[in-house]
Amino acid sequence: MNFLSGFLKGMAIGAGAIAPGVSGGALAVIFGLYDKITNFIAHFTKDFKKNLIFFIPIGIGAAAGVLIFSRIIEFLFQNYETEVRYAFVGLMLGTLPAVVKEANKKGYRRKYLIPFIISLVLTVAVSYLESSSVNMINEADISPVHVIIYGIIIGFGTIIPGVSASIILMYFGAYELVISAISNIKIVLIIYLGIGFVLSVLLFAKLISLLFEKAYGFTYYAILGLVLGSIIAIFPGFEFSLYHVMNLMMLLMCFILSYSLSRFAVADKM
């Protein structure tokens with residue numbers, strides 16, 4: 001994988017980690033990077049130099065995606081939420097064939113549909129909590145422990161595909177605070193967020209890596225259910241109107257774009 005490709009994929013994952021209704025982990029699956037990332041974190045010293053060279057552009061891109069898109073995504077979701085959701089749905093749907101192919105890499109069994117259905121249903125069910133009303137948290141009312149917990153939530157949503165950390169933060173009323181801390185580079189808050197993020201990623205990456213080693217098919221189909229569930233969850237609905245037809249056309253264009261790009265993913269594999 002060349003530097004630009006890794007950088008752009010990392011940027012998308014970083015942006016997805018902070019975008020409401022989107023999962024950075026789901027995007028990592030779509031790009032064929034998820035198992036590599038979890039394995040690298042879980043077995044940090046194994047093939048360290050080789051993995052480091054591979055992940056440097058992805059890491060730089062992810063950091064850039066979070067910093068650059070924190071304000072952009074906040075603006076877009078405040079002013080063009082429906083259009084953005086249609087675009088994300090198209091982009092994610094276009095890469096599903098590649099995700100299915102990855103899930104079947106070690107063979108297919110009918111029993112894999114059990115974790116797939118369970119994770120799909122759970123993801124869709126949990127998504128309805130997004131409509132719950134919450135009170136926004138003021139920066140003066142939080143402690144370092146609270147911010148570390150928010151970092152843990154971000155890490156959880158990044159490493160577990162289909163889980164949107166942004167939506168969870170919205171439940172706690174902390175989403176705007178976190179976005180503000182990142183977009184305005186509030187160093188102290190970012191440090192506490194980073195501590196929680198690292199702790200969360202280390203813990204869950206080891207767990208997921210172990211599951212990949214022991215039960216690849218079951219694990220990947222459960223992840224596939226989470227990814228598909230997240231796509232369903234962020235779809236804003238459709239009505240027979242010119243506005244929605246235009247959005248549907250954008251969805252189809254994004255689908256074609258991402259499907260075409262995903263066909264070249266094999267060339268970028270490690």
# chains A, B, ... in the order shown; residues from 1 in each chain; ligands from 1

call {"tool": "residues_around", "arguments": {"residues": "region 187-194 of chain A", "least_positions_apart": "2", "cutoff": "7 Å", "atoms": "only C-alpha atoms", "output": "short mmCIF file (atom, residue, chain, number, x, y, z; two decimals) with N, CA and C atoms, in the first residue's frame"}}
result
data_model
loop_
_atom_site.label_atom_id
_atom_site.label_comp_id
_atom_site.auth_asym_id
_atom_site.auth_seq_id
_atom_site.Cartn_x
_atom_site.Cartn_y
_atom_site.Cartn_z
N PRO A 144 -11.42 15.43 35.01
CA PRO A 144 -10.55 14.62 34.15
C PRO A 144 -11.04 13.18 33.97
N VAL A 147 -13.59 13.06 31.22
CA VAL A 147 -13.00 13.19 29.89
C VAL A 147 -12.30 11.89 29.49
N ILE A 148 -11.63 11.24 30.42
CA ILE A 148 -10.99 9.95 30.14
C ILE A 148 -12.04 8.92 29.73
N TYR A 150 -14.84 9.59 28.25
CA TYR A 150 -15.23 9.94 26.88
C TYR A 150 -14.20 9.41 25.88
N GLY A 151 -12.92 9.46 26.26
CA GLY A 151 -11.87 8.89 25.41
C GLY A 151 -12.02 7.40 25.26
N ALA A 181 -13.35 20.42 21.84
CA ALA A 181 -12.01 20.22 22.37
C ALA A 181 -11.03 19.87 21.26
N ILE A 182 -11.49 19.03 20.31
CA ILE A 182 -10.61 18.60 19.22
C ILE A 182 -10.42 19.71 18.20
N ILE A 185 -8.37 22.46 19.53
CA ILE A 185 -7.09 21.97 20.06
C ILE A 185 -6.89 22.40 21.51
N GLY A 196 -7.78 7.90 27.68
CA GLY A 196 -8.92 6.98 27.62
C GLY A 196 -8.96 6.20 26.33
N PHE A 197 -8.66 6.88 25.22
CA PHE A 197 -8.67 6.24 23.91
C PHE A 197 -7.66 5.09 23.85
N VAL A 198 -6.43 5.35 24.29
CA VAL A 198 -5.38 4.33 24.23
C VAL A 198 -5.73 3.14 25.11
#

call {"tool": "residues_around", "arguments": {"residues": "region 227-230 of chain A", "least_positions_apart": "3", "cutoff": "6 Å", "atoms": "only C-alpha atoms", "output": "VMD selection string"}}
result
chain A and resid 26 120 123 to 124 162 224 233

call {"tool": "write_last_selection", "arguments": {"atoms": "N, CA and C atoms", "output": "PDB file, in the first residue's frame"}}
result
ATOM      1  N   ALA A  26     -16.035   0.323  11.441  1.00  0.00           N
ATOM      2  CA  ALA A  26     -16.722  -0.186  10.247  1.00  0.00           C
ATOM      3  C   ALA A  26     -15.978   0.217   8.984  1.00  0.00           C
ATOM      4  N   LEU A 120     -26.617  -7.766  13.832  1.00  0.00           N
ATOM      5  CA  LEU A 120     -27.394  -6.868  12.980  1.00  0.00           C
ATOM      6  C   LEU A 120     -28.608  -6.325  13.737  1.00  0.00           C
ATOM      7  N   THR A 123     -27.562  -3.931  16.609  1.00  0.00           N
ATOM      8  CA  THR A 123     -27.100  -2.628  16.126  1.00  0.00           C
ATOM      9  C   THR A 123     -28.261  -1.743  15.711  1.00  0.00           C
ATOM     10  N   VAL A 124     -29.216  -2.323  14.981  1.00  0.00           N
ATOM     11  CA  VAL A 124     -30.381  -1.548  14.537  1.00  0.00           C
ATOM     12  C   VAL A 124     -31.221  -1.118  15.738  1.00  0.00           C
ATOM     13  N   GLY A 162     -19.235  -0.849  13.591  1.00  0.00           N
ATOM     14  CA  GLY A 162     -20.673  -0.669  13.680  1.00  0.00           C
ATOM     15  C   GLY A 162     -21.131   0.119  14.878  1.00  0.00           C
ATOM     16  N   LEU A 224     -19.668  -8.159  10.360  1.00  0.00           N
ATOM     17  CA  LEU A 224     -20.435  -7.828   9.153  1.00  0.00           C
ATOM     18  C   LEU A 224     -21.849  -7.386   9.527  1.00  0.00           C
ATOM     19  N   ALA A 233     -28.808   2.026  10.229  1.00  0.00           N
ATOM     20  CA  ALA A 233     -29.079   2.996  11.284  1.00  0.00           C
ATOM     21  C   ALA A 233     -28.916   4.436  10.821  1.00  0.00           C
TER      22      ALA A 233
END

call {"tool": "select_by_dssp", "arguments": {"residues": "region 45-143 of chain A", "states": "alpha helix (DSSP H)", "output": "PyMOL selection string"}}
result
chain A and resi 48-79+81-94+96-103+113-127
